[in-house]
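Asks: Got a structure here, written out as structure tokens. Questions coming.
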Amino acid sequence: MAVVNISMDTRKSLARALLPQDIELNILAIELFYYACASWHSKDFLRAADDIGVSVEVDQITFSNPFDIWAFFKSIPSGLATEVLDRTVYYRTEVERRAAEAAKARQSVISDKLDNLRKANELRAELLSSGTDPDEVTRLLAQILSDQGATLEVRDVSQRKRLPPSR
């Protein structure tokens with residue numbers, strides 16, 4: 001079982017505050033990460049995707065700074081989750097490198113978040129209806145994490161005792 005943490009320092013975000021879009025995007029990032037892991041782990045992805053309510057348990061959400069979400073992926077081994085995260089980090093680095101090279105003018109913070117929300121919801125709908133390429137999920141997840149300035153960690157269930165106390 002993998003323990004997953006997504007953390008965002010809201011003072012370092014472009015808006016310098018926790019926006020409602022941040023909450024939704026970080027929750028979607030956890031869900032997309034689960035779908036990426038499930039698609040690598042299971043030949044019957046659609047069945048695994050249907051089991052998200054049983055397989056994923058959100059342990060706590062901390063609304064202080066940093067904004068944290070801790071979740072258990074009951075049906076995903078921590079080694080597999082780490083492997084998928086490594087692929088996501090690779091894509092995230094690639095996204096950041098391309099953005100730096102292009103040095104294009106950035107859209108407004110809210111516009112970027114709304115665009116990511118639209119893409120994430122479209123990809124989630126596509127995943128649930130027919131499945132999709134796990135690399136596409138990890139690319140979008142990397143973009144969301146990069147734009148959010150968020151980090152995603154995977155821990156083994158044996159490290160549970162090191163999690164911060166529930167509030």
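Numbering starts fresh at 1 for the residues of each chain in the structure tokens, the chains themselves are lettered A, B, ... in the order given, and ligands are numbered from 1 as they appear.
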Skip Leu123 (chain A) itself and residues of its chain fewer than 3 positions away, then list as number ranges by chain all residues within 10 Å of it, counting only C-alpha atoms.

Replies: A: 32, 117-120, 126-129, 131-132, 136-137, 140

Asks: Restricting the output to all heavy atoms, write the selected residues as a short mmCIF file (atom, residue, chain, number, x, y, z; two decimals), in the first residue's frame.

Replies:
data_model
loop_
_atom_site.label_atom_id
_atom_site.label_comp_id
_atom_site.auth_asym_id
_atom_site.auth_seq_id
_atom_site.Cartn_x
_atom_site.Cartn_y
_atom_site.Cartn_z
N LEU A 32 -5.69 11.67 -10.44
CA LEU A 32 -4.99 11.33 -11.69
C LEU A 32 -3.78 10.45 -11.41
O LEU A 32 -3.47 9.53 -12.17
CB LEU A 32 -4.57 12.59 -12.43
CG LEU A 32 -5.69 13.39 -13.08
CD1 LEU A 32 -5.16 14.70 -13.64
CD2 LEU A 32 -6.39 12.59 -14.16
N LEU A 117 -7.80 22.78 -14.80
CA LEU A 117 -9.01 22.12 -14.33
C LEU A 117 -9.78 21.51 -15.49
O LEU A 117 -10.25 20.37 -15.43
CB LEU A 117 -9.91 23.11 -13.59
CG LEU A 117 -9.54 23.42 -12.15
CD1 LEU A 117 -10.38 24.59 -11.62
CD2 LEU A 117 -9.75 22.21 -11.29
N ARG A 118 -9.90 22.27 -16.58
CA ARG A 118 -10.62 21.77 -17.75
C ARG A 118 -9.93 20.53 -18.30
O ARG A 118 -10.56 19.50 -18.54
CB ARG A 118 -10.69 22.86 -18.83
CG ARG A 118 -11.43 22.42 -20.10
CD ARG A 118 -11.28 23.44 -21.23
NE ARG A 118 -9.90 23.80 -21.53
CZ ARG A 118 -9.05 23.04 -22.22
NH1 ARG A 118 -9.42 21.87 -22.66
NH2 ARG A 118 -7.82 23.45 -22.46
N LYS A 119 -8.59 20.60 -18.48
CA LYS A 119 -7.84 19.47 -19.02
C LYS A 119 -7.94 18.24 -18.10
O LYS A 119 -8.13 17.12 -18.57
CB LYS A 119 -6.36 19.83 -19.19
CG LYS A 119 -6.08 20.79 -20.31
CD LYS A 119 -4.59 21.11 -20.33
CE LYS A 119 -4.24 22.21 -21.27
NZ LYS A 119 -2.82 22.59 -21.16
N ALA A 120 -7.80 18.47 -16.80
CA ALA A 120 -7.84 17.35 -15.84
C ALA A 120 -9.22 16.69 -15.84
O ALA A 120 -9.33 15.46 -15.82
CB ALA A 120 -7.48 17.84 -14.44
N GLU A 126 -12.32 10.96 -19.91
CA GLU A 126 -11.83 10.04 -20.94
C GLU A 126 -11.32 8.75 -20.31
O GLU A 126 -11.59 7.65 -20.80
CB GLU A 126 -10.71 10.71 -21.74
CG GLU A 126 -10.15 9.86 -22.86
CD GLU A 126 -9.01 10.54 -23.60
OE1 GLU A 126 -8.98 11.79 -23.65
OE2 GLU A 126 -8.14 9.83 -24.11
N LEU A 127 -10.60 8.88 -19.21
CA LEU A 127 -10.09 7.71 -18.50
C LEU A 127 -11.22 6.79 -18.05
O LEU A 127 -11.15 5.58 -18.21
CB LEU A 127 -9.30 8.14 -17.26
CG LEU A 127 -7.85 8.53 -17.46
CD1 LEU A 127 -7.36 9.29 -16.24
CD2 LEU A 127 -7.00 7.32 -17.69
N LEU A 128 -12.24 7.39 -17.49
CA LEU A 128 -13.33 6.59 -16.95
C LEU A 128 -14.21 5.97 -18.03
O LEU A 128 -14.82 4.94 -17.83
CB LEU A 128 -14.18 7.43 -15.99
CG LEU A 128 -13.44 7.86 -14.73
CD1 LEU A 128 -14.31 8.78 -13.89
CD2 LEU A 128 -13.00 6.66 -13.91
N SER A 129 -14.26 6.62 -19.20
CA SER A 129 -15.11 6.08 -20.26
C SER A 129 -14.41 5.01 -21.09
O SER A 129 -15.00 4.01 -21.46
CB SER A 129 -15.64 7.19 -21.16
OG SER A 129 -14.58 7.77 -21.89
N GLY A 131 -10.50 4.56 -20.89
CA GLY A 131 -9.08 4.38 -20.57
C GLY A 131 -8.23 5.27 -21.47
O GLY A 131 -8.73 5.87 -22.42
N THR A 132 -6.96 5.41 -21.16
CA THR A 132 -6.08 6.23 -21.98
C THR A 132 -4.64 5.85 -21.68
O THR A 132 -4.37 5.01 -20.83
CB THR A 132 -6.30 7.74 -21.73
OG1 THR A 132 -5.60 8.49 -22.70
CG2 THR A 132 -5.84 8.15 -20.35
N GLU A 136 0.09 10.02 -20.94
CA GLU A 136 -0.69 11.24 -21.07
C GLU A 136 -1.11 11.74 -19.69
O GLU A 136 -1.07 12.94 -19.40
CB GLU A 136 -1.92 10.99 -21.94
CG GLU A 136 -2.74 12.23 -22.21
CD GLU A 136 -3.93 11.96 -23.12
OE1 GLU A 136 -4.04 10.87 -23.70
OE2 GLU A 136 -4.77 12.87 -23.23
N VAL A 137 -1.46 10.81 -18.82
CA VAL A 137 -1.85 11.18 -17.45
C VAL A 137 -0.67 11.76 -16.71
O VAL A 137 -0.78 12.80 -16.05
CB VAL A 137 -2.40 9.95 -16.68
CG1 VAL A 137 -2.76 10.33 -15.27
CG2 VAL A 137 -3.62 9.37 -17.40
N LEU A 140 0.09 15.37 -17.90
CA LEU A 140 -0.84 16.37 -17.37
C LEU A 140 -0.63 16.56 -15.87
O LEU A 140 -0.64 17.68 -15.37
CB LEU A 140 -2.29 15.98 -17.65
CG LEU A 140 -3.34 16.95 -17.11
CD1 LEU A 140 -3.15 18.36 -17.69
CD2 LEU A 140 -4.74 16.45 -17.43
#

Asks: Do a neighbour search on Pro77 (chain A) at 12 Å with only C-alpha atoms, toss out local chain neighbours closer than 3 positions, and write the hits as a list in words.

Replies: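 That gives Met1, Ala2, Val3, Val4, Tyr34, Cys37, Ala38, Trp40, His41, Ser42, Ser55, Phe72, Phe73, Lys74, Leu80, Ala81, Thr82, Glu83, Val84, Val154, Arg155, Asp156, Val157 and Ser158 of chain A.
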
Asks: Between A:Val58, A:Ser64, A:Asn26, A:Ser78, which residue has the minimum interatomic distance to Arg11 (chain A), considering only C-alpha atoms?

Replies: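 For Arg11 (chain A), the nearest of the candidates is A:Ser64.
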
Asks: Could you state the separation of CA of Asp86 (chain A) and CA of Ser39 (chain A) in Å, given to one decimal place?

Replies: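 Going from CA of Asp86 (chain A) over to CA of Ser39 (chain A), I get 15.4 Å.
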
Asks: Just want the 7 Å neighbourhood of Gln60 (chain A), counted on only C-alpha atoms, with same-chain residues fewer than 2 positions away dropped. Output as a PDB file with N, CA, C and O atoms, in the first residue's frame.

Replies:
ATOM      1  N   VAL A  58      -8.588   9.022   1.770  1.00  0.00           N
ATOM      2  CA  VAL A  58      -7.961  10.283   2.157  1.00  0.00           C
ATOM      3  C   VAL A  58      -7.940  10.304   3.674  1.00  0.00           C
ATOM      4  O   VAL A  58      -8.988  10.237   4.326  1.00  0.00           O
ATOM      5  N   THR A  62      -4.993  19.181   5.344  1.00  0.00           N
ATOM      6  CA  THR A  62      -4.583  20.277   6.219  1.00  0.00           C
ATOM      7  C   THR A  62      -4.672  21.577   5.428  1.00  0.00           C
ATOM      8  O   THR A  62      -3.997  21.725   4.411  1.00  0.00           O
ATOM      9  N   ILE A  69      -2.513  17.153   1.494  1.00  0.00           N
ATOM     10  CA  ILE A  69      -3.486  16.073   1.402  1.00  0.00           C
ATOM     11  C   ILE A  69      -2.707  14.769   1.555  1.00  0.00           C
ATOM     12  O   ILE A  69      -1.726  14.554   0.839  1.00  0.00           O
ATOM     13  N   TRP A  70      -3.135  13.925   2.489  1.00  0.00           N
ATOM     14  CA  TRP A  70      -2.528  12.605   2.705  1.00  0.00           C
ATOM     15  C   TRP A  70      -3.556  11.553   2.311  1.00  0.00           C
ATOM     16  O   TRP A  70      -4.698  11.600   2.763  1.00  0.00           O
ATOM     17  N   SER A 166      -3.231  13.891  12.724  1.00  0.00           N
ATOM     18  CA  SER A 166      -4.482  14.421  12.172  1.00  0.00           C
ATOM     19  C   SER A 166      -4.942  15.580  13.041  1.00  0.00           C
ATOM     20  O   SER A 166      -4.737  15.604  14.240  1.00  0.00           O
TER      21      SER A 166
END

Asks: If we count only C-alpha atoms, what is near Gly149 (chain A) at a cut-off of 7 Å, once residues fewer than 3 positions away on the same chain are taken out, given as a list in words?

Replies: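 So, after excluding close chain neighbours, the residues are Met8, Ser13, Leu145 and Ser146 of chain A.
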
Asks: From the options A:Asp22, A:Glu57, A:Asp147, A:Asp112, which residue's atoms come nearest to Ser75 (chain A), counting only C-alpha atoms?

Replies: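 Nearest candidate to Ser75 (chain A) out of A:Asp22, A:Glu57, A:Asp147, A:Asp112: A:Glu57.
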
Asks: One decimal, in Å: what's the spacing between CA of Val54 (chain A) and CA of Leu19 (chain A)?

Replies: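 Going from CA of Val54 (chain A) over to CA of Leu19 (chain A), I get 28.5 Å.
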
Asks: Out of region 78-160 of chain A, which residues get alpha helix (DSSP H) from DSSP, as a PyMOL selection string?

Replies: chain A and resi 78-102+109-130+134-148

Asks: Name the closest residue to Leu141 (chain A) among the candidates A:Asn65, A:Thr93, A:Asn5, A:Thr88; distances are taken between atoms, counting only C-alpha atoms.

Replies: A:Thr88

Asks: Determine which residues of chain A DSSP labels as strand (DSSP E or B) from the backbone of this structure, then write them out as an MDAnalysis selection string.

Replies: chainID A and resid 2:8 56:62 67:73 150:156

Asks: Hey, what's within 8 Å of Ser7 (chain A) if we count only C-alpha atoms and toss same-chain stuff fewer than 5 positions away? As a list in words, please?

Replies: Pro66, Phe67, Asp68, Ile69, Ala150, Thr151 and Leu152 of chain A

Asks: Atoms to include: N, CA and C atoms. Write the selected residues as a PDB file, in the first residue's frame.

Replies:
ATOM      1  N   PRO A  66       1.868  24.558   4.951  1.00  0.00           N
ATOM      2  CA  PRO A  66       1.474  24.214   3.581  1.00  0.00           C
ATOM      3  C   PRO A  66       0.138  23.482   3.547  1.00  0.00           C
ATOM      4  N   PHE A  67      -0.522  23.600   2.409  1.00  0.00           N
ATOM      5  CA  PHE A  67      -1.758  22.875   2.161  1.00  0.00           C
ATOM      6  C   PHE A  67      -1.376  21.444   1.825  1.00  0.00           C
ATOM      7  N   ASP A  68      -1.833  20.480   2.636  1.00  0.00           N
ATOM      8  CA  ASP A  68      -1.451  19.073   2.491  1.00  0.00           C
ATOM      9  C   ASP A  68      -2.672  18.189   2.323  1.00  0.00           C
ATOM     10  N   ILE A  69      -2.513  17.153   1.494  1.00  0.00           N
ATOM     11  CA  ILE A  69      -3.486  16.073   1.402  1.00  0.00           C
ATOM     12  C   ILE A  69      -2.707  14.769   1.555  1.00  0.00           C
ATOM     13  N   ALA A 150       3.353  22.529  -6.464  1.00  0.00           N
ATOM     14  CA  ALA A 150       3.065  21.492  -5.472  1.00  0.00           C
ATOM     15  C   ALA A 150       4.055  20.342  -5.606  1.00  0.00           C
ATOM     16  N   THR A 151       4.196  19.594  -4.538  1.00  0.00           N
ATOM     17  CA  THR A 151       5.018  18.388  -4.566  1.00  0.00           C
ATOM     18  C   THR A 151       4.128  17.200  -4.258  1.00  0.00           C
ATOM     19  N   LEU A 152       4.484  16.063  -4.819  1.00  0.00           N
ATOM     20  CA  LEU A 152       3.766  14.817  -4.574  1.00  0.00           C
ATOM     21  C   LEU A 152       4.784  13.808  -4.094  1.00  0.00           C
TER      22      LEU A 152
END

Asks: Could you work out how far CA of Arg87 (chain A) lies from CA of Ser111 (chain A), giving the answer in Å with one decimal?

Replies: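 Answer for the CA of Ser111 (chain A) to CA of Arg87 (chain A) separation: 26.5 Å.
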
Asks: With only C-alpha atoms as the basis for distance, which of A:Leu85, A:Val56, A:Ala29, A:Ala71 is at the shortest distance from Gln143 (chain A)?

Replies: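 Looking only at the distances to Gln143 (chain A), the closest residue turns out to be A:Ala29.
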